[in-house]
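Asker: I'm passing along my_file_35.cif; it holds mmCIF, C-alpha atoms.
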data_coords
loop_
_atom_site.label_atom_id
_atom_site.label_comp_id
_atom_site.auth_asym_id
_atom_site.auth_seq_id
_atom_site.Cartn_x
_atom_site.Cartn_y
_atom_site.Cartn_z
CA MET C 149 -9.24 -7.75 6.31
CA PRO C 150 -11.33 -4.94 4.75
CA GLY C 151 -9.77 -2.93 1.92
CA ARG C 152 -9.05 0.22 3.93
CA HIS C 153 -7.32 -1.72 6.70
CA ARG C 154 -5.29 -3.66 4.13
CA GLU C 155 -4.19 -0.40 2.51
CA LEU C 156 -3.28 1.03 5.92
CA ALA C 157 -1.20 -2.06 6.70
CA GLN C 158 0.63 -1.89 3.36
CA PHE C 159 1.23 1.84 3.71
CA LEU C 160 2.70 1.56 7.21
CA ARG C 161 4.92 -1.35 6.25
CA SER C 162 6.26 0.40 3.16
CA ARG C 163 7.11 3.51 5.17
CA ARG C 164 8.73 1.49 7.95
CA GLU C 165 10.86 -0.45 5.48
CA ARG C 166 12.34 2.66 3.89
CA LEU C 167 13.94 3.82 7.17
CA SER C 168 17.30 2.60 8.39
CA PRO C 169 17.97 1.80 12.04
CA ALA C 170 21.11 3.92 11.68
CA ASP C 171 18.86 6.95 10.97
CA PHE C 172 17.75 6.70 14.60
CA GLY C 173 21.07 5.76 16.15
CA LEU C 174 20.04 2.12 16.50
CA PRO C 175 22.49 -0.71 15.82
CA VAL C 176 21.98 -2.33 12.43
CA GLY C 177 23.15 -5.74 13.60
CA PRO C 178 24.33 -8.62 11.47
CA ARG C 179 20.96 -10.33 11.04
CA ARG C 180 17.81 -8.44 10.11
CA ARG C 181 15.05 -10.43 8.47
CA THR C 182 13.25 -7.33 7.22
CA PRO C 183 14.50 -4.17 5.55
CA GLY C 184 14.25 -0.97 7.54
CA LEU C 185 13.05 -0.67 11.10
CA ARG C 186 11.44 -3.51 13.00
CA ARG C 187 7.87 -3.08 14.25
CA GLU C 188 9.18 -3.11 17.81
CA GLU C 189 11.57 -0.26 17.01
CA VAL C 190 8.82 1.87 15.48
CA ALA C 191 6.59 1.27 18.49
CA GLN C 192 9.36 2.16 20.94
CA LEU C 193 10.35 5.30 19.04
CA ALA C 194 6.70 6.38 18.75
CA GLY C 195 6.00 5.68 22.41
CA VAL C 196 3.19 3.22 21.73
CA GLY C 197 2.77 -0.41 22.70
CA VAL C 198 4.37 -3.00 20.48
CA THR C 199 1.17 -5.03 20.30
CA TRP C 200 -0.87 -1.94 19.43
CA TYR C 201 1.48 -0.92 16.61
CA THR C 202 1.66 -4.51 15.36
CA TRP C 203 -2.12 -4.72 15.21
CA LEU C 204 -2.25 -1.38 13.40
CA GLU C 205 0.29 -2.54 10.83
CA GLN C 206 -1.48 -5.87 10.43
CA GLY C 207 -4.62 -3.99 9.48
CA ARG C 208 -6.70 -5.26 12.37
CA GLU C 209 -9.93 -3.44 13.06
CA ILE C 210 -8.87 -1.39 16.07
CA THR C 211 -9.73 2.14 17.07
CA VAL C 212 -6.62 4.26 17.00
CA SER C 213 -6.35 7.81 18.34
CA ALA C 214 -5.07 10.87 16.51
CA GLN C 215 -2.31 11.10 19.13
CA VAL C 216 -1.02 7.60 18.34
CA LEU C 217 -1.22 8.20 14.58
CA GLY C 218 0.62 11.50 15.00
CA ALA C 219 3.41 9.80 16.94
CA VAL C 220 3.68 7.05 14.33
CA ALA C 221 3.68 9.62 11.49
CA GLN C 222 6.47 11.56 13.19
CA THR C 223 8.52 8.42 13.82
CA LEU C 224 8.11 7.27 10.22
CA ARG C 225 9.07 10.78 9.08
CA LEU C 226 6.01 11.18 6.91
CA ASP C 227 5.67 14.32 4.83
CA PRO C 228 2.36 16.27 5.06
CA GLY C 229 0.80 14.37 2.15
CA GLU C 230 1.75 11.00 3.59
CA ARG C 231 0.50 12.05 7.03
CA SER C 232 -2.83 13.06 5.54
CA HIS C 233 -3.03 9.74 3.71
CA LEU C 234 -2.28 7.85 6.94
CA PHE C 235 -5.07 9.62 8.81
CA THR C 236 -7.50 9.11 5.92
CA LEU C 237 -6.75 5.38 5.75
CA ALA C 238 -7.20 5.09 9.51
CA GLY C 239 -10.46 7.07 9.36
CA VAL C 240 -9.22 9.54 11.97
CA PHE C 241 -9.42 13.33 11.94
CA ASP C 242 -5.96 14.94 12.28
CA ASN C 243 -6.24 17.55 15.02
CA ALA C 244 -2.82 18.98 14.11
CA VAL C 245 -4.09 20.21 10.73
CA PRO C 246 -6.74 22.94 10.35
CA CYS C 247 -10.18 21.65 9.36
CA GLU C 248 -10.23 23.66 6.17
CA ALA C 249 -7.11 21.85 4.96
CA GLN C 250 -8.63 18.37 5.35
CA PRO C 251 -11.14 16.68 3.09
CA CYS C 252 -14.49 15.98 4.68
CA PRO C 253 -15.14 12.26 4.21
CA GLY C 254 -18.90 12.64 4.36
CA PRO C 255 -21.89 13.40 6.53
CA SER C 256 -21.36 10.40 8.79
CA TRP C 257 -18.29 12.12 10.24
CA ARG C 258 -20.04 15.34 11.26
CA PRO C 259 -20.55 14.35 14.90
CA TRP C 260 -16.78 13.95 15.27
CA ARG C 261 -15.86 16.93 13.12
CA PRO C 262 -17.09 20.03 14.91
CA CYS C 263 -15.87 22.32 12.14
CA ALA C 264 -17.43 20.37 9.28
CA PRO C 265 -20.19 22.30 7.59
CA SER C 266 -23.74 21.36 8.41
CA PRO C 267 -26.21 20.71 5.60
CA PRO C 268 -28.41 23.69 4.77
CA THR C 269 -31.80 23.81 6.44
CA TRP C 270 -34.66 24.83 4.17
#
Write the structure described by the file as structure tokens, please.
Answerer:
Amino acid sequence: MPGRHRELAQFLRSRRERLSPADFGLPVGPRRRTPGLRREEVAQLAGVGVTWYTWLEQGREITVSAQVLGAVAQTLRLDPGERSHLFTLAGVFDNAVPCEAQPCPGPSWRPWRPCAPSPPTW
């Protein structure tokens, strides 16, 4: 698992574990093997497939959309800094945030970032 995907997996898991099922009106139940929400619960609350979210949290090399990341960020109740970090780790441009407020990761992203500045022509 490449470094960025490993970081993404660790980040998602840490944010999932800090939430209580009771925060979402879900039963806590007598036996939970993991702290916080289960992967299945996050997927259901975010409106994404369980397998898709599981692969994302496992750090598999999948292509995830800004819409899915936005839903996951909202479900995990990420603050703006955490949301930005999530999108950066996933290598996805956050359409909900103005271009000027996001760091430009480099020239290789220009085709997907219509508002990123072009290099000067001499």
Asker: CA of Asp242 in chain C and CA of Leu217 in chain C, how far apart in Å?
Answerer: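 Separating CA of Leu217 in chain C from CA of Asp242 in chain C is a distance of 8.6 Å.
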Asker: Please evaluate the PyMOL selection byres ((chain C and resi 187) around 9) against the structure above and give the resulting residues as a count of residues only.
Answerer: 13
Asker: When you look at Leu167 in chain C with a cut-off of 8 Å (counting only C-alpha atoms), what residues show up, excluding the ones that are within fewer than 4 positions of it in the same chain? I need them as a list in words.
Answerer: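 Counting only C-alpha atoms, the residues come to Arg163, Asp171, Gly184, Leu185 and Leu224 of chain C.
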Asker: Output the selection as a CSV table (one decimal), keeping the file's coordinate frame - C-alpha atoms for each residue.
Answerer:
chain,number,residue,atom,x,y,z
C,163,ARG,CA,7.1,3.5,5.2
C,171,ASP,CA,18.9,7.0,11.0
C,184,GLY,CA,14.2,-1.0,7.5
C,185,LEU,CA,13.0,-0.7,11.1
C,224,LEU,CA,8.1,7.3,10.2
Asker: List, as an MDAnalysis selection string, every residue that the PyMOL selection byres ((chain C and resi 211) around 12) selects in the file provided.
Answerer: chainID C and resid 153 200:201 203:204 207:210 212:217 238:240
Asker: Expressed in Å to a single decimal, how great is the separation between CA of Asp227 in chain C and CA of Gly177 in chain C?
Answerer: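 The value is 28.0 Å.
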Asker: Any chance you could resolve the PyMOL selection byres ((chain C and resi 232) around 10) against this file and give the residues as an MDAnalysis selection string?
Answerer: chainID C and resid 221 226:231 233:238 240:242 245 249:251
Asker: Just to confirm, what's the straight-line distance from CA of Ala157 in chain C to CA of Arg181 in chain C in Å (one decimal)?
Answerer: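 Answer for the CA of Ala157 in chain C to CA of Arg181 in chain C separation: 18.4 Å.
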Asker: With distances taken over only C-alpha atoms, which residue among C:Asn243, C:Leu193, C:Pro183, C:Gly173 lies nearest Thr223 in chain C?
Answerer: C:Leu193
Asker: Mind working out the centre and edge lengths of an axis-aligned box for range 197-209 of chain C, all listed atoms inside, 5 Å added to each side, rounded to one decimal in Å and written as JSON?
Answerer:
{"center_x": -2.8, "center_y": -3.1, "center_z": 16.1, "size_x": 24.3, "size_y": 15.5, "size_z": 23.2}
Asker: So which one's closest to Glu165 in chain C, C:Ala244, C:Gly218, C:Thr199, C:Thr182? Using all atoms listed in the file, please.
Answerer: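 Once distances to Glu165 in chain C are computed over all atoms listed in the file, the minimum belongs to C:Thr182.
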Asker: Pop range 230-241 of chain C out of the structure in the block and write all heavy atoms as a compact mmCIF listing (two decimals), in the first residue's frame.
Answerer:
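Ended up saving to result.txt:
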# COMPACT_ATOMS: atom_id res chain seq x y z
N GLU C 230 -9.79 19.21 8.45
CA GLU C 230 -9.79 17.75 8.27
C GLU C 230 -10.33 17.39 6.89
O GLU C 230 -9.83 16.48 6.24
CB GLU C 230 -10.64 17.08 9.35
CG GLU C 230 -10.04 17.16 10.73
CD GLU C 230 -10.98 16.68 11.82
OE1 GLU C 230 -12.21 16.90 11.69
OE2 GLU C 230 -10.48 16.10 12.80
N ARG C 231 -11.36 18.11 6.46
CA ARG C 231 -11.93 17.86 5.12
C ARG C 231 -10.88 18.11 4.05
O ARG C 231 -10.69 17.31 3.14
CB ARG C 231 -13.15 18.75 4.90
CG ARG C 231 -13.80 18.56 3.54
CD ARG C 231 -14.95 19.54 3.32
NE ARG C 231 -15.45 19.46 1.98
CZ ARG C 231 -16.56 18.82 1.62
NH1 ARG C 231 -17.31 18.21 2.52
NH2 ARG C 231 -16.93 18.80 0.36
N SER C 232 -10.16 19.21 4.18
CA SER C 232 -9.10 19.53 3.23
C SER C 232 -8.03 18.44 3.22
O SER C 232 -7.55 18.02 2.17
CB SER C 232 -8.48 20.88 3.58
OG SER C 232 -7.39 21.16 2.76
N HIS C 233 -7.69 17.97 4.41
CA HIS C 233 -6.68 16.91 4.53
C HIS C 233 -7.17 15.63 3.86
O HIS C 233 -6.41 14.96 3.15
CB HIS C 233 -6.36 16.67 6.00
CG HIS C 233 -5.24 15.73 6.25
ND1 HIS C 233 -3.95 15.97 5.83
CD2 HIS C 233 -5.21 14.51 6.87
CE1 HIS C 233 -3.17 14.96 6.18
NE2 HIS C 233 -3.92 14.06 6.80
N LEU C 234 -8.43 15.29 4.06
CA LEU C 234 -9.02 14.11 3.43
C LEU C 234 -8.91 14.18 1.91
O LEU C 234 -8.45 13.24 1.26
CB LEU C 234 -10.49 13.95 3.85
CG LEU C 234 -11.30 12.88 3.12
CD1 LEU C 234 -10.76 11.49 3.46
CD2 LEU C 234 -12.77 12.99 3.48
N PHE C 235 -9.30 15.31 1.34
CA PHE C 235 -9.26 15.47 -0.11
C PHE C 235 -7.82 15.45 -0.62
O PHE C 235 -7.55 14.89 -1.68
CB PHE C 235 -9.97 16.76 -0.53
CG PHE C 235 -11.47 16.60 -0.66
CD1 PHE C 235 -12.29 16.58 0.46
CD2 PHE C 235 -12.05 16.46 -1.91
CE1 PHE C 235 -13.66 16.42 0.34
CE2 PHE C 235 -13.43 16.30 -2.04
CZ PHE C 235 -14.23 16.28 -0.91
N THR C 236 -6.90 16.04 0.13
CA THR C 236 -5.50 16.03 -0.27
C THR C 236 -4.95 14.61 -0.28
O THR C 236 -4.27 14.20 -1.22
CB THR C 236 -4.66 16.93 0.66
OG1 THR C 236 -5.16 18.27 0.59
CG2 THR C 236 -3.19 16.92 0.27
N LEU C 237 -5.24 13.85 0.78
CA LEU C 237 -4.76 12.47 0.84
C LEU C 237 -5.34 11.62 -0.29
O LEU C 237 -4.66 10.75 -0.82
CB LEU C 237 -5.14 11.83 2.19
CG LEU C 237 -4.37 12.31 3.41
CD1 LEU C 237 -4.96 11.70 4.68
CD2 LEU C 237 -2.89 12.00 3.30
N ALA C 238 -6.59 11.89 -0.65
CA ALA C 238 -7.24 11.13 -1.71
C ALA C 238 -6.82 11.62 -3.09
O ALA C 238 -7.09 10.96 -4.10
CB ALA C 238 -8.75 11.21 -1.58
N GLY C 239 -6.16 12.78 -3.16
CA GLY C 239 -5.73 13.33 -4.45
C GLY C 239 -6.90 13.82 -5.28
O GLY C 239 -6.88 13.73 -6.51
N VAL C 240 -7.92 14.36 -4.60
CA VAL C 240 -9.14 14.82 -5.28
C VAL C 240 -9.35 16.29 -4.98
O VAL C 240 -9.18 16.74 -3.84
CB VAL C 240 -10.36 13.99 -4.80
CG1 VAL C 240 -11.65 14.52 -5.39
CG2 VAL C 240 -10.17 12.52 -5.14
N PHE C 241 -9.75 17.05 -5.99
CA PHE C 241 -10.07 18.45 -5.85
C PHE C 241 -11.44 18.59 -5.21
O PHE C 241 -12.40 17.95 -5.64
CB PHE C 241 -10.04 19.13 -7.22
CG PHE C 241 -10.42 20.57 -7.20
CD1 PHE C 241 -9.60 21.51 -6.62
CD2 PHE C 241 -11.62 20.98 -7.75
CE1 PHE C 241 -9.96 22.84 -6.60
CE2 PHE C 241 -11.99 22.30 -7.74
CZ PHE C 241 -11.16 23.24 -7.16
